[in-house]
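Working notes, structure below.
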There are 2 protein chains.
Amino acid sequence: MKKLTVSDEGELPVRIAAVLRDAIVEGRLSVDQRLPSEQDLAEQFGVSRPTVREALKRLAAQSLIRTQRGATGGAFVNRLSYDTAAAQLITTSTLLLSMNAVDFETACEARYALERACVPFAAARRTPDHLAAMRAEIARQAEPGLSDEAFCASDVAFHRALVDAAANPVLSYQLAGAVEAMQPLMNMITFTARSRERIVALHSAIADAIEAGDASAADAALSALAAYSTALGEQVRQSRGVRKANGNA
Amino acid sequence: MKKLTVSDEGELPVRIAAVLRDAIVEGRLSVDQRLPSEQDLAEQFGVSRPTVREALKRLAAQSLIRTQRGATGGAFVNRLSYDTAAAQLITTSTLLLSMNAVDFETACEARYALERACVPFAAARRTPDHLAAMRAEIARQAEPGLSDEAFCASDVAFHRALVDAAANPVLSYQLAGAVEAMQPLMNMITFTARSRERIVALHSAIADAIEAGDASAADAALSALAAYSTALGEQVRQSRGVRKANGNA
DNA sequence: AGACATTAATTGTTTGACATTTCTCCCATT
DNA sequence: AATGGGAGAAATGTCAAACAATTAATGTCT
């Protein structure tokens, strides 16, 4: 029984988790490979089973491993899928924006800058499926009785379809965080200043340009949408400022 | 003592962690607020203390909370900083790329597309500090005896400086993942095909254009660097393919 | 008033036990 | 002989109780 040694800083489970994570990242533990049982790990690291369990739970929280009960159960190295990685990215980004008081302008600038980076590829590679997805969301956004929540969700879906049209999974993964995390901020804008016709028109212009393979036209339309969003944000900010100035502060 | 109820799917610590995470995300628990003690949480949820501990460790693994020992200790809601969020994003992105056999071309395309999105802002807003950082890395890359590892690390630092020059923390956060996660892939290229003079020259061209505030020139230089990287990747891929064809299959 | 020991509160860690799940293998029945 | 079911084994999930380590507040002595 080899006794694994860990650095002597910090808490035990953190250090053990770091050892195992490094083993995974550096490829010494490959996908779907089974880790030793909790009992074995406890003996190898010279700690108790709950301590090992905490380390494993840390890894499980990051989707690096999964556990199965039963005779052939245990902890297995997870293949990190784009979906789970994107989901984690979205929650992290959302929290980051909400807890750091990021102003709307900064977030909006970042989002549209990243999205514009996808446009040339989308114009070149879009498939009928992507176009259909974009058109469907545009049609939905034009429905009269649509709730604000549904409109914003459809807005997100439209932009994700645009990003997916670039047919680059790494771009889609990165952009998912930027687009989804901004939904709360965008909701705030859309709920306050109604502006659906204009947005739908710009969305249509983008879809048309993408369908025509005209990257520069799509870029222009997206830039116009960015400018419009920024202006709306500014408008809301000013009205808020006025309200606050008139308020009890 | 109110008894909190959780949904009846999945394992206990996962559900408890979800309840607490929602409370944090939805703002019912604010930054630096102290959570009830493990004992209290155990009673409120009607489970044992180790079960609560596992739930807390899941949250700690995501940097949502931190724990302190001692009399006034406990679990506190963390303010998610850009740095910790970026660190998480980097590890996730690195794993995602390494475990999903993303080809170099796709990753390279995504990286340079995102980076180009930052260039106009960098050209407009760069400060002397940003320029000095970029120049320092270029000088380092031109040192004769520099190891491959150090050269690649400096390459990453240069590109991060370029991104930071855009002066948008959200962009910097997003790009950190894309740039850092690609370092292993880029290392593979640089270690194989030596090409430092060319890279240094392109870096200098980028820095010059950024200093001059010339966004289109910087964009052109960055595009040239992207094309050169892609070509190198293709070259390495072909030599690998030949070697594999000549090898033992 | 200040330095120092005490104490209380809280998390960190261990030990031991039992519950639950799931596969494997053997045996009995058809 | 083939198939079905049940016992057993192995692993994780959960609980209980205790002790160790750490930290801040408190009280006491000089």
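Chain lettering (A, B, ...) mirrors the order of the structure tokens, residue numbering begins at 1 for each chain separately, and ligand numbering begins at 1 in order of display.
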Would you mind writing down, as an MDAnalysis selection string, each residue of range 10-99 of chain A that DSSP on the backbone assigns to strand (DSSP E)?
chainID A and resid 65:68 74:77
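Once chain B is fitted to chain A over the full set of C-alpha atoms, matched in order, the RMSD stands at 0.2 Å.
Residues in contact with range 6-10 of chain C at up to 9 Å, not including ones fewer than 2 positions away on its chain and judged by only C-alpha atoms (C1' of nucleotides), are Ser37, Glu38, Gln68, Arg69, Gly70, Ala71, Thr72, Gly73 and Gly74 of chain B; DT22, DT23, DA25, DT26 and DG27 of chain D.
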For C-alpha atoms (C1' of nucleotides), I'd like the residues from the last selection saved as a compact mmCIF listing (two decimals), in the first residue's frame.
# COMPACT_ATOMS: atom_id res chain seq x y z
CA SER B 37 -23.99 26.77 12.25
CA GLU B 38 -23.68 23.24 10.92
CA GLN B 68 -13.86 30.02 9.37
CA ARG B 69 -13.12 28.14 12.52
CA GLY B 70 -13.32 29.50 15.99
CA ALA B 71 -15.83 31.22 18.18
CA THR B 72 -17.16 33.66 15.61
CA GLY B 73 -16.54 31.20 12.81
CA GLY B 74 -18.98 29.58 10.49
C1' DT D 22 -8.94 27.25 16.37
C1' DT D 23 -10.63 31.68 17.53
C1' DA D 25 -14.82 37.04 24.02
C1' DT D 26 -14.51 37.25 28.88
C1' DG D 27 -12.86 37.56 33.27
Where does DSSP see helix (DSSP H, G or I) in range 68-236 of chain B, if you list the residues as an NGL selection string?
:B and (82-99 or 104-125 or 128-141 or 148-164 or 169-181 or 183-192 or 196-212 or 215-236)
With C-alpha atoms retained, could you export that selection as a short mmCIF file (atom, residue, chain, number, x, y, z; two decimals), in the first residue's frame?
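Output below, filename again.cif:
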data_model
loop_
_atom_site.label_atom_id
_atom_site.label_comp_id
_atom_site.auth_asym_id
_atom_site.auth_seq_id
_atom_site.Cartn_x
_atom_site.Cartn_y
_atom_site.Cartn_z
CA TYR B 82 -13.31 38.18 -11.01
CA ASP B 83 -10.09 36.37 -10.16
CA THR B 84 -11.65 33.33 -8.54
CA ALA B 85 -14.34 33.17 -11.20
CA ALA B 86 -11.67 33.37 -13.88
CA ALA B 87 -9.65 30.65 -12.18
CA GLN B 88 -12.66 28.35 -12.16
CA LEU B 89 -13.41 29.17 -15.76
CA ILE B 90 -9.84 28.33 -16.73
CA THR B 91 -9.83 24.92 -15.09
CA THR B 92 -13.21 24.07 -16.56
CA SER B 93 -12.23 25.23 -20.03
CA THR B 94 -8.91 23.41 -19.89
CA LEU B 95 -10.60 20.16 -18.93
CA LEU B 96 -13.27 20.66 -21.54
CA LEU B 97 -10.70 21.07 -24.29
CA SER B 98 -8.49 18.21 -23.13
CA MET B 99 -11.29 15.71 -22.65
CA PHE B 104 -6.57 22.80 -32.72
CA GLU B 105 -8.24 24.63 -35.57
CA THR B 106 -11.55 25.01 -33.75
CA ALA B 107 -9.97 26.20 -30.53
CA CYS B 108 -7.65 28.55 -32.35
CA GLU B 109 -10.47 30.06 -34.35
CA ALA B 110 -12.52 30.65 -31.21
CA ARG B 111 -9.65 32.18 -29.34
CA TYR B 112 -8.61 34.65 -31.98
CA ALA B 113 -12.18 35.55 -32.84
CA LEU B 114 -12.82 36.48 -29.22
CA GLU B 115 -9.54 38.27 -28.93
CA ARG B 116 -10.21 40.33 -32.01
CA ALA B 117 -13.42 41.47 -30.37
CA CYS B 118 -11.30 43.19 -27.75
CA VAL B 119 -8.99 45.01 -30.13
CA PRO B 120 -11.11 48.10 -30.89
CA PHE B 121 -11.57 48.80 -27.19
CA ALA B 122 -7.91 48.14 -26.47
CA ALA B 123 -6.85 50.57 -29.19
CA ALA B 124 -9.15 53.22 -27.79
CA ARG B 125 -8.45 52.81 -24.09
CA PRO B 128 0.80 53.31 -20.57
CA ASP B 129 0.65 50.47 -18.05
CA HIS B 130 -0.95 48.12 -20.55
CA LEU B 131 1.56 49.06 -23.22
CA ALA B 132 4.45 48.57 -20.81
CA ALA B 133 3.14 45.12 -19.89
CA MET B 134 2.91 44.12 -23.52
CA ARG B 135 6.36 45.49 -24.33
CA ALA B 136 7.86 43.70 -21.34
CA GLU B 137 6.50 40.37 -22.53
CA ILE B 138 7.73 41.00 -26.05
CA ALA B 139 11.20 41.75 -24.71
CA ARG B 140 11.11 38.58 -22.67
CA GLN B 141 10.07 36.54 -25.67
CA ASP B 148 9.85 26.79 -24.21
CA GLU B 149 7.71 26.83 -21.09
CA ALA B 150 8.70 30.39 -20.26
CA PHE B 151 8.09 31.51 -23.82
CA CYS B 152 4.57 30.08 -23.80
CA ALA B 153 3.83 31.58 -20.39
CA SER B 154 4.99 34.95 -21.68
CA ASP B 155 2.83 34.49 -24.77
CA VAL B 156 -0.20 34.00 -22.55
CA ALA B 157 0.77 37.03 -20.47
CA PHE B 158 1.06 39.17 -23.60
CA HIS B 159 -2.39 38.24 -24.80
CA ARG B 160 -3.88 38.78 -21.38
CA ALA B 161 -2.33 42.23 -21.31
CA LEU B 162 -3.89 42.91 -24.70
CA VAL B 163 -7.28 41.82 -23.43
CA ASP B 164 -6.92 43.81 -20.22
CA PRO B 169 -13.58 43.36 -16.68
CA VAL B 170 -16.31 41.18 -18.13
CA LEU B 171 -14.35 40.77 -21.35
CA SER B 172 -11.16 40.05 -19.41
CA TYR B 173 -12.93 37.42 -17.38
CA GLN B 174 -14.39 35.69 -20.40
CA LEU B 175 -11.18 35.83 -22.40
CA ALA B 176 -9.04 34.52 -19.58
CA GLY B 177 -10.69 31.15 -20.02
CA ALA B 178 -10.21 31.07 -23.76
CA VAL B 179 -6.59 32.18 -23.70
CA GLU B 180 -5.36 30.17 -20.72
CA ALA B 181 -7.19 27.00 -21.60
CA GLN B 183 -1.98 27.07 -23.48
CA PRO B 184 -1.45 23.28 -23.53
CA LEU B 185 -2.48 23.13 -27.17
CA MET B 186 -0.35 26.14 -28.04
CA ASN B 187 2.58 24.64 -26.17
CA MET B 188 2.34 21.55 -28.31
CA ILE B 189 2.67 23.72 -31.39
CA THR B 190 5.41 25.99 -30.17
CA PHE B 191 7.51 23.17 -28.77
CA THR B 192 7.42 21.42 -32.09
CA ARG B 196 9.74 32.77 -32.20
CA GLU B 197 11.04 35.53 -34.44
CA ARG B 198 7.86 35.60 -36.47
CA ILE B 199 5.66 35.56 -33.39
CA VAL B 200 7.65 38.30 -31.70
CA ALA B 201 7.44 40.43 -34.85
CA LEU B 202 3.66 40.03 -34.96
CA HIS B 203 3.39 40.82 -31.27
CA SER B 204 5.38 43.98 -31.85
CA ALA B 205 3.12 44.95 -34.72
CA ILE B 206 0.09 44.46 -32.50
CA ALA B 207 1.58 46.52 -29.70
CA ASP B 208 2.55 49.28 -32.13
CA ALA B 209 -0.93 49.45 -33.58
CA ILE B 210 -2.54 49.46 -30.13
CA GLU B 211 -0.19 52.23 -29.04
CA ALA B 212 -1.08 54.23 -32.13
CA ALA B 215 -7.67 49.34 -34.39
CA SER B 216 -7.72 48.10 -37.96
CA ALA B 217 -3.94 47.69 -38.07
CA ALA B 218 -4.02 45.80 -34.80
CA ASP B 219 -6.83 43.66 -36.13
CA ALA B 220 -4.81 42.90 -39.24
CA ALA B 221 -1.74 41.93 -37.23
CA LEU B 222 -3.81 39.74 -34.93
CA SER B 223 -5.44 38.11 -37.93
CA ALA B 224 -2.00 37.42 -39.35
CA LEU B 225 -0.99 35.84 -36.06
CA ALA B 226 -4.13 33.74 -36.12
CA ALA B 227 -3.42 32.61 -39.65
CA TYR B 228 0.17 31.81 -38.76
CA SER B 229 -0.91 29.80 -35.69
CA THR B 230 -3.44 27.88 -37.72
CA ALA B 231 -0.84 27.14 -40.40
CA LEU B 232 1.60 25.92 -37.78
CA GLY B 233 -1.09 23.73 -36.31
CA GLU B 234 -1.84 22.25 -39.70
CA GLN B 235 1.86 21.63 -40.28
CA VAL B 236 2.21 19.84 -36.96
#
I'd like the contact shell of Arg79 in chain B - 8 Å cut-off, only C-alpha atoms (C1' of nucleotides), skipping same-chain residues fewer than 5 positions apart - returned as a ChimeraX atom specification.
/A:99-100 /B:31-32,64
Serialized selection, N, CA and C atoms, as an mmCIF file, in the first residue's frame:
data_model
loop_
_atom_site.group_PDB
_atom_site.id
_atom_site.type_symbol
_atom_site.label_atom_id
_atom_site.label_comp_id
_atom_site.auth_asym_id
_atom_site.auth_seq_id
_atom_site.Cartn_x
_atom_site.Cartn_y
_atom_site.Cartn_z
ATOM 1 N N MET A 99 -23.152 39.989 -8.135
ATOM 2 C CA MET A 99 -22.513 40.323 -6.862
ATOM 3 C C MET A 99 -21.463 41.405 -6.992
ATOM 4 N N ASN A 100 -21.130 41.806 -8.190
ATOM 5 C CA ASN A 100 -20.074 42.793 -8.339
ATOM 6 C C ASN A 100 -20.589 44.101 -8.938
ATOM 7 N N VAL B 31 -23.975 38.929 0.576
ATOM 8 C CA VAL B 31 -22.533 38.742 0.687
ATOM 9 C C VAL B 31 -22.073 38.980 2.112
ATOM 10 N N ASP B 32 -21.172 38.123 2.575
ATOM 11 C CA ASP B 32 -20.565 38.191 3.910
ATOM 12 C C ASP B 32 -21.545 37.845 5.021
ATOM 13 N N LEU B 64 -18.737 29.595 -3.467
ATOM 14 C CA LEU B 64 -19.918 30.363 -3.071
ATOM 15 C C LEU B 64 -19.868 30.728 -1.597
#
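Within 7 Å of chain A, chain D contributes the residues DA10, DA11 and DT12 of chain D, using only C-alpha atoms (C1' of nucleotides).
Proximity of C:DA1, C:DC25, C:DT30, C:DG12 to DA1 in chain D, computed with only C-alpha atoms (C1' of nucleotides), is greatest for C:DT30.
Between CA of Ala61 in chain B and CA of Leu59 in chain A lies a distance of 7.7 Å.
Contact shell of DT30 in chain D at 12 Å (only C-alpha atoms (C1' of nucleotides); same-chain neighbours under 4 positions omitted): DA1, DG2, DA3 and DC4 of chain C.
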In Å to one decimal, how far is CA of Ile65 in chain B from CA of Ser63 in chain A?
18.1 Å
Could you please select, counting only C-alpha atoms (C1' of nucleotides), the residues of chain C within 9 Å of chain A and state them as a PyMOL selection string?
chain C and resi 12-15+20-24
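Of the listed residues (A:Ala142, A:Leu80, A:Ala101, A:Ala23), A:Leu80 comes nearest to chain B; the distances count only C-alpha atoms.
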